[in-house]
Structures are given as C-alpha cells and as structure tokens.
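Right, one structure below, let's go through it.
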Number of protein chains: 2
Amino acid sequence: MSSDRLIYVPLGGAGEVGMNAYVFGYGPKGRERLILVDLGVTFSDMDSTPGVDLIFPDIAWLAERADRLEAIFITHAHEDHVGALGHLWPQLKAPVYARNFTARIAVNKMTEQGQDPAQVKTVGTLPEVVKAGPFKVQFFPVSHSLPEASGLVIDTPAGRVVHTGDFKVDKTPGVGEPFDPGMLGAIGAEGVKVLVCDSTNVHQPDPGRSEMSLIPALNELVANARGMVVATTFASNVARLRTLANAGVENGRSVCVMGRAMLRMIDTAQEAGLLTDFPPTISPEEAKSVPREQLMLLVTGSQGERRAASAQLSRGSYMGMTMKEGDLFLFSSMTIPGNERDVGRIANALSEMGVDVVDNASRQYHVSGHPNRPDLEHMHKLMGAPVLIPMHGDHRMLRAQAQMAIAAGMRSAVVANGTMVDLTGDAPQVVDEVPTGRVYLDGNRQIGAMDGVIRDRIRMALNGHVLVTLIVDEAGAPLGDAWAETMGLAEKGRGGKPLVDTLEDEIADYLERADRKTLGDDDKLTDALRRVARQVTMEELGKRPEITVVVSRLLDE
Amino acid sequence: MSSDRLIYVPLGGAGEVGMNAYVFGYGPKGRERLILVDLGVTFSDMDSTPGVDLIFPDIAWLAERADRLEAIFITHAHEDHVGALGHLWPQLKAPVYARNFTARIAVNKMTEQGQDPAQVKTVGTLPEVVKAGPFKVQFFPVSHSLPEASGLVIDTPAGRVVHTGDFKVDKTPGVGEPFDPGMLGAIGAEGVKVLVCDSTNVHQPDPGRSEMSLIPALNELVANARGMVVATTFASNVARLRTLANAGVENGRSVCVMGRAMLRMIDTAQEAGLLTDFPPTISPEEAKSVPREQLMLLVTGSQGERRAASAQLSRGSYMGMTMKEGDLFLFSSMTIPGNERDVGRIANALSEMGVDVVDNASRQYHVSGHPNRPDLEHMHKLMGAPVLIPMHGDHRMLRAQAQMAIAAGMRSAVVANGTMVDLTGDAPQVVDEVPTGRVYLDGNRQIGAMDGVIRDRIRMALNGHVLVTLIVDEAGAPLGDAWAETMGLAEKGRGGKPLVDTLEDEIADYLERADRKTLGDDDKLTDALRRVARQVTMEELGKRPEITVVVSRLLDE
C-alpha cells in the first residue's frame, strides 16, 4: 500500500529533560498502528508546580487512539522513562515490554497503582524480536547509569529506526553491558533509516568518562577519611553503589546501605542476577556498634530530597545515625538543575556540624550517564543513518544535536513534543501538530496543567490571601460587622494597626455609605468589598493579595 | 586600657552567599565602639520566600547599639553589599563611607528610600584615612566584577585587620584597578594581625582567569554570527559590557544597550570617570533600522529575571526588538545557584524561535569575580597575617578556607553569622552569640523570617486553601447551610462530584448530628468543621489543605 507511512510523535521528553514518551506509527494516514516508547514522569518544583506530587505527559491524544496502540516499550527503569506507567496504563491498556531489570521495576509501578502486573512482559536482547503490528522491535543493550538500559531497533516496512534510549559511551561501566561498538556497528551495517538519539549532554565538549575511572579518586578519598564516611548517589546507580561500597571495604570499613529506594534497587538488581559481587553490608542496627572510623554509609538523597536519608542526617539523625566533626559526606552525583538550593542547604547544614562535604566540583567523584558531544558523533557514525531525530532534552539540546548532524551531512529536524513527522521519505516532514502538555498528579487526582489550580496556589504563595465575610439580611442591611481573616500576610500595616482591624473598619465605613442597589446585589456587593480589601492591603502592606469575599444573605423564614 | 578588646561579629554573609554585613568593635567589653562593613541584600526564591521582595540581614542587635556605631563602610556596589543601605539606614543613622562609584550607587539607595544622601561620604583609596572612633580605615583597590571594588585596611589599637571585600586576582581586568601584588604586599609588610577574606570560590581548584582572556573567544563568536547578536551579563559588570561592545564594534556591528539597570550602571561608571572608552552605542529607536546582521544588543537578565530584557525577548519582544531564526543569544555570565530553571526557561524559549543559545558551558565566555583556591593562597601570602577569618560564603566555603589556612600554618576559625569573636589575642576566641537572622521586605513591610507569614504562604502553595463559613443563631442552630470555597485545589473529587458540594453535604450531615454543646461553642464548632473539611479533602483529593473556618453567630437584637 503506497499510502502507508511511518510517523513519529513525541508526547514528552522532546523539549525537556524528563517525562519521556515517544510514539511511532505505521500504516495508512490516520489509521497507523502505534507503539509507545517509554512513559515517564517529571518532578515538581516550588516555582511552577508547588505541592504537585508528580508530573505526567498529557497522553490524551494517544489515549483517544488506544485501540491502535500495539505495545509499550520501556527502555530502562529511570523514573523519567517508567514512572508514569502505573498511573497512565489504564488509559492505554497495551502490553508492556521490557528487559528483566526494567520489567521488575515496571511491575512495581503497575502493582503500586493497582494495575495488572501480568501486562508487563520480560524480553531479552536482540536477536529476540517483539512483533507489534507492523513493527518488529529488538532491545539492544547500552551502557547507562543503571542496569540493563536499552536502545531499540524498530524495523518497519518503511525501514529501520534505531531509538537509542538514554545511553553513555562506557566500555567499563562496572555493572551492566559495556558500550559495544561491534554490536552497534552491526545494527548500523544492516541499514538504519532514522536514528532517534539522546540529546541531554550535547553541550558537554569532552568525551564521557567511564565509571571505572572513578575508582582511584574514590579510594583515595575514603582512605584519607578520619571519621565516618557517608556517600550519596542516585538510588538506581547500582554500579556507583558498588564502586563506593568497594572503596569502603578496601579501606577496612563496614558498609551500610540506608534509604528505601536504594535498598530496593540493590535488591532488584540482585534478584535479576545483575549484581552478584556487591560486597557484604551490615544493617543499620549493626552499624550502631561499629566505630565510626570503620563505617561507611551509602544513603539516598543526592538531590536534596527533604525526606531522604541525607536530608535527615543534615537535620540531626537518620535511623539512629548522626554525623559529627571529622566525618566526611560525599555527593557522588551531579545536581539536577533546579535542585541546587536543596542540595546546598544539606551541604551547609552538614558543614555546620563540622562535617567535610565533598562534591563533584573537582569532577573526580561522578560520571554522567549520557553521551557528550564526541560520544554522540561516535554513535552517529556507528549507525550511519541518513536521518537523525534528536530525542530527550531541552529544546536547545535537541537543536544542537540537529545542527551537529546537519554539519556532518545528515538530514535532521528538531521534533518537539506534539510535532508529528512523517519519516517515510528521505527527509522528515512535519505533517501535523497534536495536543500535548502536562498532567499533574496532585494528591490522588490528575489535574490539567492549564486548569488554573496550580496558578491559584502560586498566587497565594506570592500574594497571600484575604478573606472577608459579611452577613446581610433580606432587606440588604448588614447584620453585624464584616469579618476579615488573612493568611500569609504581615499582621500589621503601616501605622502598626492590625491589618484585619483596618480591613474591618474600612469595610464598615464603606457599608455605611453604600447604596441599597449595591447592598441588594450579591455580585455588586462582593465586587465592592473586594475593591475595599484590595485598596486597604495595597495601602497598608504594598501587596495585592488574593481576596475571597463571602456574602451570606439571610432569608426571611 | 588593658581591658579593651577587638571584636568581630558577622550579621550576614558568613554562612551564605549574599546580604553581607560585618561588624568590628574596639573598646571595653560591652562598650566597644563599632563599625559596620557592608549592608547588603539577598534575593528571594519560591522555595523558601515566595512573594518576598528583598531579604535583609536582621540587624536588631546592631540597631540596639546604634549609639556606639561610628560609621558604615561599603566595599563595593553589588546588591549583596549595598542593597539594604536605604532600607536599614534609619535604624543605624551613621555616616556611610565609600569610594566614588560605590558612593554614587549608595546615594541612589538612600534616595530611593527617602533617606538623606548627604550621609554618604566619598573617600579615596589609601593613604586616605577615615577615622571612626578607635578605627582608622583605608580603602584599597581590588579587582572584581564591577568598578572600584575595595578592600579595607582597618587599623585598631590592637593591630591591623585587612578585610578583602569581594575580589579576584586579575592583572588585566579591563575596567578598574588590576590586582596589585606590590600594593598588597606593602599593606602586608606593615604587619597584618587578622585577614578577613572572601570565601565564595574556595572550591574552585584552578587559578582565576582574567577578563581580557575572554576577548579572542568573544570576538570569534561574534565574527561567526549570522544574524543579530544579543548578549547578557550582570548589569554592574561594566568591564564585560565593554568587552562585549568592543567585540560587536570590531565585527562591524552597531551596539545597543537595553535594560534600565545596565544603562544606569554604564552611566554611573561614565559619570565617575571610570569608563571613558566605552564604544559608541545607538538607541533602541535607531537599532530598529539597523539590519540584524549588523546589530548587537547588550541586555539585562542574565539570571532569568522575569521582567528583564532577556526574558521579554524570550517571550516575544523587548522595546520593539524581536529575535528569530539565525540570531545568537549569549549568556556571558554564570547562573547563580537557584536560578537554573529561570535561565533554562529563557534559553529554551529562544531556541524554540530558532535562536542559537550559547552559555559558559565551554568556559570561554565568562570569568568569575571571586578568588579561586590558588588566588586565596596568593592573598594569604601577600598579607602574611597569622590569623585568617573566612568571610562571605556558605558555611562549607568558610570551613574550607579555614582548613586551607590551618594547613598553611595560620590560625583560623569559622565565624558564622551571629558569632562574636575576640581578635585581641593570638587566636580568635568565641566570646558571644548574638541574635541574627533574616528580615523580609514584603510589599512595603519588613517582617521577621520566623513570624510565620511566609510559612503560611508556602503551606497554601503546597496544600491549597479551603474556606468554610457557617452562620448560627443565638440558640446555636445553623442558619442555612454552610458555605465552602476552595482555592488551589482540584475542582472535583474521586467520584467526579464537585469538592465544594461534597464539603457542604458532609458538613450538613455533621451539623444534623452535632450536639448542642458543640454548636454553642465557637471554638468547638470551628474545630469540628475543620475536622470534617480535612477528612473530606483527604478522602476526595488525597490532600491536606489549609482550612479557614468562619463561624458567624447572630446575636438577638
């Protein structure tokens, strides 16, 4: 059928770091059979999403076409690739394919949200093939910052697409498969039409470094430590946890892992048979009786998360352990943009206790899990695809990788969330824009990013909240005085008089001179009281608070 | 008088980057005559201080002793050193000393807040001496990222203290005095008892680089640009502005400066005679008729400030200028921790317009204004002081510089905000803790950091706000139904029913079964209604909102 086409629509991740969700389709226009690659989350922040529990890509477009969705493929177990699975699966109801370690995490995600874990199918790497409608999909191993990360070979009647997933070039990653140019070159040699490739580190000019390159510096750091050593990293980076634990053991320290997320990741990796050589650890209970100079703790909270072990240690203690003068705290991690203040708060609080806080400023204690610019060039060459679509990253990262590819003679286009491109021909063609956006998990509700709930919260946070209540009788006469309450506003105004008193007095003055028409009309009266309250707070505080007015009108009985 | 002592008490800046305020005192215990070095601000953020306009150090301790305050010295014109002057001067009422450029900015700060600008005295560099009670103070020039930054030689009967202010080691700073080891060595050779030294870059291992080292890379970048070039940096970094403007002019571009803060800084530097060789610029009006490939804009907003020129360009246009495909935007700056999201938002939005966004990731387009670790070693040696007190920086920065100094054979102590040390003897002795903290400028009110106003705003931002009003008659019988309003909460609960309806229904149910004792007692009734509202929102939304209950009790008339 000459009218069949191969399409690609990112619903999340293309224009941001986080909440990856990429749709591929093949078939007649508007009736393409679809697959989804990854279904991740993004985390909230006070600036734009205060109080939000998780952020999902808005998959309404795909949900409306769920009958055409053949399968969901999860490349790896990071939250920004699998975190939304349990929450959004009910809208999609397609089988989920992943490799062993990832599948175990995906099963957790399904179970936690009351979904059927049997929907998650464990598959091996190529040459094992998953048939999904017109797609034949093979997982291939890539090195990344957690076990069993994968790229996908997606064969279609229109040709082969390779989706790299997140990856790094690391020939000695410690845990998980090394970067394998032979295997990758073989995939490329079979002919790749389109390469869809991780963009997050495109602005890093130097080649990426290997996990194993950290060993000497970490060993030296631990060897020179006097007191207790506490190290944090991303919970899923089990290779780093092993590197750190080995540095402890080699320097005569007992190692104790603290923090649920980290323990779960280690358990999962061990259950999946991927972490057979993790050194022996002791329990927090046992750790209490080990002299601190013989102890090393591995703890959660590298991003300054308020409830994680590192934050609790910085506030005093975690599971009975406390840090003190002469101890060492290591951030074996990078700080995700936006988390700098939280991380800084912990580093400062620990320093105030006399703890030496070491981070990756010297670039000795962390390596990234993503491909730097030279690594991208390497991948582009191995695949030899004529077309590159940059995937996963801020818009300017996508743009930079596209420019790189074009400079090297490839064809490329920046395909941001919601843009549908037709990949059938020699060059990607934009054929449609589909609605995308963000959905917030807030408590147990999913709310749209644009429906104003979070905007109202931000306004209250910036401006404070004034509440005015007034009772009027049927005839429109105020019954008693108005009542004002404030929240998040200075208690006293310019003259030192309590703000609520000034509000109530000014409203009383207003009511005395208000005409019957206004008093008799709830909307008019509400507007008038809001105006008085706005004027008073501007005058007294120089602020424009959110104002809620409740006029209660008594009915004759 | 053998009982006289030399004391040092930081009130701000020691344990944080920002809001510098350092007190020195000399005299009998408890009757020391005092001087204050710097009086700066810190900026608010959504995480901890939403809606706050500015953050000041809490100087209540000093204000209570204002009769003993001889003078205020301002080392340089950055906001974190002079920004609080106009706001807090009324509590101190002491003469203010600064060099020419700084004094002009200080005069602005006083005038803006309605204070007497004549309180600001302009002084020259050493050997000019300001006598302030027992103190003889000389300003000495240091290189920094704005004109006429200064350190202070503070001679006291107990010996000489050198306070470095913020500085960098730069022998070719472009504008302002170069780092002068001869002059500094001469100050040191006269005998320095205590060195009080900038700590902010102590974790940077490489020597600092010179402003002039940026010229080749900036020239190349501008030479290769196709469309319009727009560059941003800190408004006060007039050396950088000149470097950037020169790069424009040398590549045949007309230069237009946009953004009030930047224009004011350039004007002030020119009025002070410090910027005689700034290349000719054109007005925004003239810029409109210059072809974009011959135009370079210098704009405010390097930190992503929402109202600055860069943010406005990223949202569409600023003063009639718009960016488009093929233009270049340069962040010739570093991002202050905490501003990453705001900066990233602008970079992304510009990229979406097709603009090439370049930042300092390659370390070619910005140099810091602070001393890196080797620069600190250099300063320590030039001063030859036996005692080092680390100043300005997060606690762990202070701690690292103290450790450096101790390792080099000096005596040192981390003296954080509120710690009073006696510097009279051979080693600093902690002698007191004085109350310190933060004061928020919120609208036109100063409010204490601990008085709960901002905490309430953060709670509303995280949890939303529910308002319940109920009218009861004298006998305790509800008059009509309760009324519920919500702000910042999902409109509908689990079953799809509007949350306010569920709230009102559940409250009605409660009121039907409530006993007369509860109905007759405002406090009990309020608590009971709050409990119902809390239960409903937890059940329906999984949230714990802030809840305001207003019970209005009608009196018999």
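Labels used: A, B, ... for chains in the order of the structure tokens, numbers from 1 for residues in each chain, and numbers from 1 for ligands as shown.
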
Residue list for chain A near chain B as a ChimeraX atom specification, 7 Å, only C-alpha atoms: /A:46-47,50-51,337-338,340-341,348,351-352,394-396,443-445,447,453-454,456-458,460-464,487-490,541-543

Those in region 304-422 of chain B with strand (DSSP E or B) from DSSP, as number ranges by chain: B: 318, 321, 328-331, 356-358, 387-391, 393-394, 411-412, 419-422

Close residues, region 166-172 of chain B itself excluded, 6 Å, only C-alpha atoms, min 2 positions apart in chain, as a list of chain:residue names: B:Val142, B:Ser143, B:His144, B:Gly174, B:Pro178, B:Phe179, B:Asp198, B:Ser210, B:Gly369, B:His370, B:Pro371

Written selection (C-alpha atoms) as a CSV table (one decimal), in the first residue's frame:
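See result_32.csv below for the written result:
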chain,number,residue,atom,x,y,z
B,142,VAL,CA,40.9,45.3,44.4
B,143,SER,CA,39.8,43.8,41.1
B,144,HIS,CA,36.3,42.4,41.0
B,174,GLY,CA,39.6,45.8,31.7
B,178,PRO,CA,44.3,45.5,38.4
B,179,PHE,CA,45.3,43.1,41.1
B,198,ASP,CA,36.2,36.3,50.6
B,210,SER,CA,41.4,37.5,33.5
B,369,GLY,CA,34.8,37.9,40.1
B,370,HIS,CA,35.9,35.9,43.1
B,371,PRO,CA,39.2,34.3,44.1

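Counting only C-alpha atoms, the residue from B:Ala508, B:Ala84, B:Val161, B:Leu295 that sits nearest to Leu423 (chain B) is B:Val161.
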
Selection: 10 Å around region 185-196 of chain B, only C-alpha atoms, excl. self and same-chain fewer than 4 positions, as a ChimeraX atom specification: /B:8,126,140,151-155,158-165,180-181,379-392,411-412,423-428

Secondary structure check, alpha helix (DSSP H) residues of region 235-439 of chain B, as an MDAnalysis selection string: chainID B and resid 238:250 260:271 284:287 309:315 340:352 373:383 395:407

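The neighbours of Asp4 (chain A) here are the residues that come within 12 Å of it, using only C-alpha atoms and leaving out any residue fewer than 3 positions away in the same chain; they are Met1, Ile7, Gly25, Tyr26, Gly27, Pro28, Lys29, Gly30, Arg31, Glu32, Arg33, Pro134, Thr156, Pro157, Ala158, Asp422, Leu423, Thr424 and Gly425 of chain A.
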
Identify, on the basis of only C-alpha atoms, every residue whose closest approach to region 316-323 of chain B does not exceed 12 Å; exclude the query and any residue fewer than 5 positions from it along the same chain; express the result as a PDB file with N, CA, C and O atoms, in the first residue's frame.
ATOM      1  N   GLY B 227      23.084  36.290  12.199  1.00  0.00           N
ATOM      2  CA  GLY B 227      22.007  37.248  12.419  1.00  0.00           C
ATOM      3  C   GLY B 227      22.344  38.248  13.504  1.00  0.00           C
ATOM      4  O   GLY B 227      23.497  38.634  13.688  1.00  0.00           O
ATOM      5  N   MET B 228      21.334  38.653  14.229  1.00  0.00           N
ATOM      6  CA  MET B 228      21.533  39.583  15.334  1.00  0.00           C
ATOM      7  C   MET B 228      22.253  38.861  16.473  1.00  0.00           C
ATOM      8  O   MET B 228      22.064  37.666  16.684  1.00  0.00           O
ATOM      9  N   VAL B 229      23.093  39.585  17.188  1.00  0.00           N
ATOM     10  CA  VAL B 229      23.741  39.039  18.375  1.00  0.00           C
ATOM     11  C   VAL B 229      23.184  39.760  19.591  1.00  0.00           C
ATOM     12  O   VAL B 229      23.148  40.991  19.632  1.00  0.00           O
ATOM     13  N   VAL B 230      22.725  38.981  20.549  1.00  0.00           N
ATOM     14  CA  VAL B 230      22.246  39.550  21.809  1.00  0.00           C
ATOM     15  C   VAL B 230      23.041  38.906  22.929  1.00  0.00           C
ATOM     16  O   VAL B 230      23.159  37.678  22.975  1.00  0.00           O
ATOM     17  N   CYS B 256      23.713  48.343  20.902  1.00  0.00           N
ATOM     18  CA  CYS B 256      22.610  48.996  21.615  1.00  0.00           C
ATOM     19  C   CYS B 256      22.467  48.351  22.984  1.00  0.00           C
ATOM     20  O   CYS B 256      22.382  47.128  23.088  1.00  0.00           O
ATOM     21  N   VAL B 257      22.479  49.161  24.027  1.00  0.00           N
ATOM     22  CA  VAL B 257      22.337  48.655  25.391  1.00  0.00           C
ATOM     23  C   VAL B 257      20.883  48.794  25.819  1.00  0.00           C
ATOM     24  O   VAL B 257      20.288  49.862  25.693  1.00  0.00           O
ATOM     25  N   MET B 258      20.298  47.707  26.304  1.00  0.00           N
ATOM     26  CA  MET B 258      18.880  47.698  26.663  1.00  0.00           C
ATOM     27  C   MET B 258      18.683  47.160  28.069  1.00  0.00           C
ATOM     28  O   MET B 258      19.249  46.143  28.434  1.00  0.00           O
ATOM     29  N   GLY B 259      17.847  47.818  28.801  1.00  0.00           N
ATOM     30  CA  GLY B 259      17.588  47.379  30.181  1.00  0.00           C
ATOM     31  C   GLY B 259      18.076  48.458  31.119  1.00  0.00           C
ATOM     32  O   GLY B 259      19.228  48.860  31.085  1.00  0.00           O
ATOM     33  N   ARG B 260      17.167  48.915  31.999  1.00  0.00           N
ATOM     34  CA  ARG B 260      17.475  50.086  32.819  1.00  0.00           C
ATOM     35  C   ARG B 260      18.679  49.898  33.725  1.00  0.00           C
ATOM     36  O   ARG B 260      19.519  50.783  33.854  1.00  0.00           O
ATOM     37  N   SER B 283      20.592  54.059  20.098  1.00  0.00           N
ATOM     38  CA  SER B 283      19.372  53.927  20.901  1.00  0.00           C
ATOM     39  C   SER B 283      18.528  52.778  20.356  1.00  0.00           C
ATOM     40  O   SER B 283      18.680  52.366  19.205  1.00  0.00           O
ATOM     41  N   PRO B 284      17.623  52.256  21.187  1.00  0.00           N
ATOM     42  CA  PRO B 284      16.709  51.216  20.702  1.00  0.00           C
ATOM     43  C   PRO B 284      15.932  51.686  19.472  1.00  0.00           C
ATOM     44  O   PRO B 284      15.645  50.893  18.574  1.00  0.00           O
ATOM     45  N   GLU B 285      15.615  52.971  19.418  1.00  0.00           N
ATOM     46  CA  GLU B 285      14.896  53.515  18.273  1.00  0.00           C
ATOM     47  C   GLU B 285      15.746  53.394  17.010  1.00  0.00           C
ATOM     48  O   GLU B 285      15.277  52.930  15.956  1.00  0.00           O
ATOM     49  N   GLU B 286      17.008  53.794  17.130  1.00  0.00           N
ATOM     50  CA  GLU B 286      17.929  53.674  15.989  1.00  0.00           C
ATOM     51  C   GLU B 286      18.160  52.212  15.608  1.00  0.00           C
ATOM     52  O   GLU B 286      18.281  51.869  14.425  1.00  0.00           O
ATOM     53  N   ALA B 287      18.208  51.339  16.642  1.00  0.00           N
ATOM     54  CA  ALA B 287      18.505  49.928  16.391  1.00  0.00           C
ATOM     55  C   ALA B 287      17.492  49.303  15.438  1.00  0.00           C
ATOM     56  O   ALA B 287      17.824  48.412  14.663  1.00  0.00           O
ATOM     57  N   LYS B 288      16.259  49.809  15.499  1.00  0.00           N
ATOM     58  CA  LYS B 288      15.194  49.218  14.689  1.00  0.00           C
ATOM     59  C   LYS B 288      15.485  49.313  13.199  1.00  0.00           C
ATOM     60  O   LYS B 288      14.991  48.513  12.411  1.00  0.00           O
ATOM     61  N   SER B 289      16.272  50.318  12.791  1.00  0.00           N
ATOM     62  CA  SER B 289      16.531  50.476  11.365  1.00  0.00           C
ATOM     63  C   SER B 289      17.890  49.907  10.943  1.00  0.00           C
ATOM     64  O   SER B 289      18.306  50.055   9.795  1.00  0.00           O
ATOM     65  N   VAL B 290      18.581  49.231  11.864  1.00  0.00           N
ATOM     66  CA  VAL B 290      19.867  48.607  11.512  1.00  0.00           C
ATOM     67  C   VAL B 290      19.604  47.148  11.101  1.00  0.00           C
ATOM     68  O   VAL B 290      18.878  46.440  11.792  1.00  0.00           O
ATOM     69  N   PRO B 291      20.158  46.703   9.981  1.00  0.00           N
ATOM     70  CA  PRO B 291      19.991  45.294   9.592  1.00  0.00           C
ATOM     71  C   PRO B 291      20.498  44.378  10.708  1.00  0.00           C
ATOM     72  O   PRO B 291      21.523  44.687  11.325  1.00  0.00           O
ATOM     73  N   ARG B 292      19.789  43.286  10.956  1.00  0.00           N
ATOM     74  CA  ARG B 292      20.100  42.499  12.153  1.00  0.00           C
ATOM     75  C   ARG B 292      21.504  41.930  12.144  1.00  0.00           C
ATOM     76  O   ARG B 292      22.110  41.744  13.204  1.00  0.00           O
ATOM     77  N   GLU B 293      22.051  41.674  10.944  1.00  0.00           N
ATOM     78  CA  GLU B 293      23.408  41.111  10.914  1.00  0.00           C
ATOM     79  C   GLU B 293      24.465  42.173  11.225  1.00  0.00           C
ATOM     80  O   GLU B 293      25.647  41.869  11.317  1.00  0.00           O
ATOM     81  N   LEU B 295      23.909  44.248  13.933  1.00  0.00           N
ATOM     82  CA  LEU B 295      23.429  44.754  15.218  1.00  0.00           C
ATOM     83  C   LEU B 295      23.862  43.835  16.361  1.00  0.00           C
ATOM     84  O   LEU B 295      23.877  42.615  16.221  1.00  0.00           O
ATOM     85  N   MET B 296      24.211  44.451  17.462  1.00  0.00           N
ATOM     86  CA  MET B 296      24.474  43.688  18.686  1.00  0.00           C
ATOM     87  C   MET B 296      23.760  44.384  19.840  1.00  0.00           C
ATOM     88  O   MET B 296      23.927  45.577  20.049  1.00  0.00           O
ATOM     89  N   LEU B 297      22.965  43.612  20.559  1.00  0.00           N
ATOM     90  CA  LEU B 297      22.273  44.148  21.732  1.00  0.00           C
ATOM     91  C   LEU B 297      22.939  43.633  22.998  1.00  0.00           C
ATOM     92  O   LEU B 297      23.289  42.452  23.084  1.00  0.00           O
ATOM     93  N   VAL B 299      21.888  43.193  26.834  1.00  0.00           N
ATOM     94  CA  VAL B 299      20.611  43.233  27.550  1.00  0.00           C
ATOM     95  C   VAL B 299      20.738  42.729  28.982  1.00  0.00           C
ATOM     96  O   VAL B 299      21.617  41.935  29.301  1.00  0.00           O
ATOM     97  N   THR B 300      19.828  43.172  29.811  1.00  0.00           N
ATOM     98  CA  THR B 300      19.759  42.705  31.200  1.00  0.00           C
ATOM     99  C   THR B 300      19.088  41.342  31.264  1.00  0.00           C
ATOM    100  O   THR B 300      18.431  40.904  30.328  1.00  0.00           O
ATOM    101  N   GLY B 301      19.257  40.685  32.408  1.00  0.00           N
ATOM    102  CA  GLY B 301      18.504  39.455  32.647  1.00  0.00           C
ATOM    103  C   GLY B 301      19.310  38.182  32.572  1.00  0.00           C
ATOM    104  O   GLY B 301      18.780  37.137  32.218  1.00  0.00           O
ATOM    105  N   ARG B 307      11.219  40.021  34.485  1.00  0.00           N
ATOM    106  CA  ARG B 307      10.872  41.302  33.862  1.00  0.00           C
ATOM    107  C   ARG B 307      12.018  41.888  33.054  1.00  0.00           C
ATOM    108  O   ARG B 307      11.870  42.943  32.429  1.00  0.00           O
ATOM    109  N   ALA B 308      13.166  41.255  33.090  1.00  0.00           N
ATOM    110  CA  ALA B 308      14.328  41.833  32.409  1.00  0.00           C
ATOM    111  C   ALA B 308      14.220  41.639  30.894  1.00  0.00           C
ATOM    112  O   ALA B 308      13.376  40.902  30.389  1.00  0.00           O
ATOM    113  N   ALA B 309      15.115  42.329  30.180  1.00  0.00           N
ATOM    114  CA  ALA B 309      15.073  42.333  28.717  1.00  0.00           C
ATOM    115  C   ALA B 309      15.167  40.917  28.133  1.00  0.00           C
ATOM    116  O   ALA B 309      14.425  40.575  27.205  1.00  0.00           O
ATOM    117  N   SER B 310      16.064  40.089  28.669  1.00  0.00           N
ATOM    118  CA  SER B 310      16.247  38.752  28.077  1.00  0.00           C
ATOM    119  C   SER B 310      14.959  37.946  28.182  1.00  0.00           C
ATOM    120  O   SER B 310      14.567  37.268  27.223  1.00  0.00           O
ATOM    121  N   ALA B 311      14.305  38.003  29.329  1.00  0.00           N
ATOM    122  CA  ALA B 311      13.059  37.252  29.496  1.00  0.00           C
ATOM    123  C   ALA B 311      11.986  37.780  28.546  1.00  0.00           C
ATOM    124  O   ALA B 311      11.229  37.012  27.951  1.00  0.00           O
ATOM    125  N   LEU B 328      21.780  34.969  17.469  1.00  0.00           N
ATOM    126  CA  LEU B 328      22.601  34.344  18.516  1.00  0.00           C
ATOM    127  C   LEU B 328      22.307  35.026  19.841  1.00  0.00           C
ATOM    128  O   LEU B 328      22.277  36.256  19.923  1.00  0.00           O
ATOM    129  N   PHE B 329      22.095  34.233  20.885  1.00  0.00           N
ATOM    130  CA  PHE B 329      21.948  34.797  22.230  1.00  0.00           C
ATOM    131  C   PHE B 329      23.055  34.230  23.103  1.00  0.00           C
ATOM    132  O   PHE B 329      23.212  33.022  23.228  1.00  0.00           O
ATOM    133  N   ILE B 346      14.362  30.549  29.627  1.00  0.00           N
ATOM    134  CA  ILE B 346      14.645  31.552  28.601  1.00  0.00           C
ATOM    135  C   ILE B 346      15.434  30.936  27.451  1.00  0.00           C
ATOM    136  O   ILE B 346      15.114  31.146  26.275  1.00  0.00           O
ATOM    137  N   ALA B 349      13.098  28.830  25.371  1.00  0.00           N
ATOM    138  CA  ALA B 349      12.136  29.616  24.584  1.00  0.00           C
ATOM    139  C   ALA B 349      12.839  30.260  23.392  1.00  0.00           C
ATOM    140  O   ALA B 349      12.287  30.303  22.283  1.00  0.00           O
ATOM    141  N   LEU B 350      14.052  30.752  23.598  1.00  0.00           N
ATOM    142  CA  LEU B 350      14.793  31.342  22.481  1.00  0.00           C
ATOM    143  C   LEU B 350      15.132  30.275  21.446  1.00  0.00           C
ATOM    144  O   LEU B 350      15.020  30.500  20.238  1.00  0.00           O
ATOM    145  N   SER B 351      15.537  29.106  21.913  1.00  0.00           N
ATOM    146  CA  SER B 351      15.853  28.010  20.990  1.00  0.00           C
ATOM    147  C   SER B 351      14.641  27.656  20.145  1.00  0.00           C
ATOM    148  O   SER B 351      14.757  27.370  18.946  1.00  0.00           O
ATOM    149  N   GLU B 352      13.469  27.680  20.764  1.00  0.00           N
ATOM    150  CA  GLU B 352      12.252  27.371  20.014  1.00  0.00           C
ATOM    151  C   GLU B 352      12.001  28.382  18.896  1.00  0.00           C
ATOM    152  O   GLU B 352      11.333  28.078  17.915  1.00  0.00           O
ATOM    153  N   MET B 353      12.536  29.604  19.062  1.00  0.00           N
ATOM    154  CA  MET B 353      12.423  30.611  17.996  1.00  0.00           C
ATOM    155  C   MET B 353      13.462  30.395  16.900  1.00  0.00           C
ATOM    156  O   MET B 353      13.488  31.139  15.922  1.00  0.00           O
ATOM    157  N   GLY B 354      14.362  29.441  17.120  1.00  0.00           N
ATOM    158  CA  GLY B 354      15.431  29.217  16.138  1.00  0.00           C
ATOM    159  C   GLY B 354      16.715  29.962  16.467  1.00  0.00           C
ATOM    160  O   GLY B 354      17.632  30.040  15.647  1.00  0.00           O
ATOM    161  N   VAL B 355      16.786  30.481  17.673  1.00  0.00           N
ATOM    162  CA  VAL B 355      17.969  31.233  18.093  1.00  0.00           C
ATOM    163  C   VAL B 355      19.029  30.257  18.618  1.00  0.00           C
ATOM    164  O   VAL B 355      18.715  29.320  19.336  1.00  0.00           O
ATOM    165  N   ASP B 356      20.291  30.498  18.238  1.00  0.00           N
ATOM    166  CA  ASP B 356      21.390  29.723  18.817  1.00  0.00           C
ATOM    167  C   ASP B 356      21.728  30.311  20.178  1.00  0.00           C
ATOM    168  O   ASP B 356      22.103  31.482  20.281  1.00  0.00           O
ATOM    169  N   VAL B 357      21.581  29.514  21.206  1.00  0.00           N
ATOM    170  CA  VAL B 357      21.836  29.990  22.567  1.00  0.00           C
ATOM    171  C   VAL B 357      23.170  29.437  23.043  1.00  0.00           C
ATOM    172  O   VAL B 357      23.387  28.228  23.031  1.00  0.00           O
TER     173      VAL B 357
END
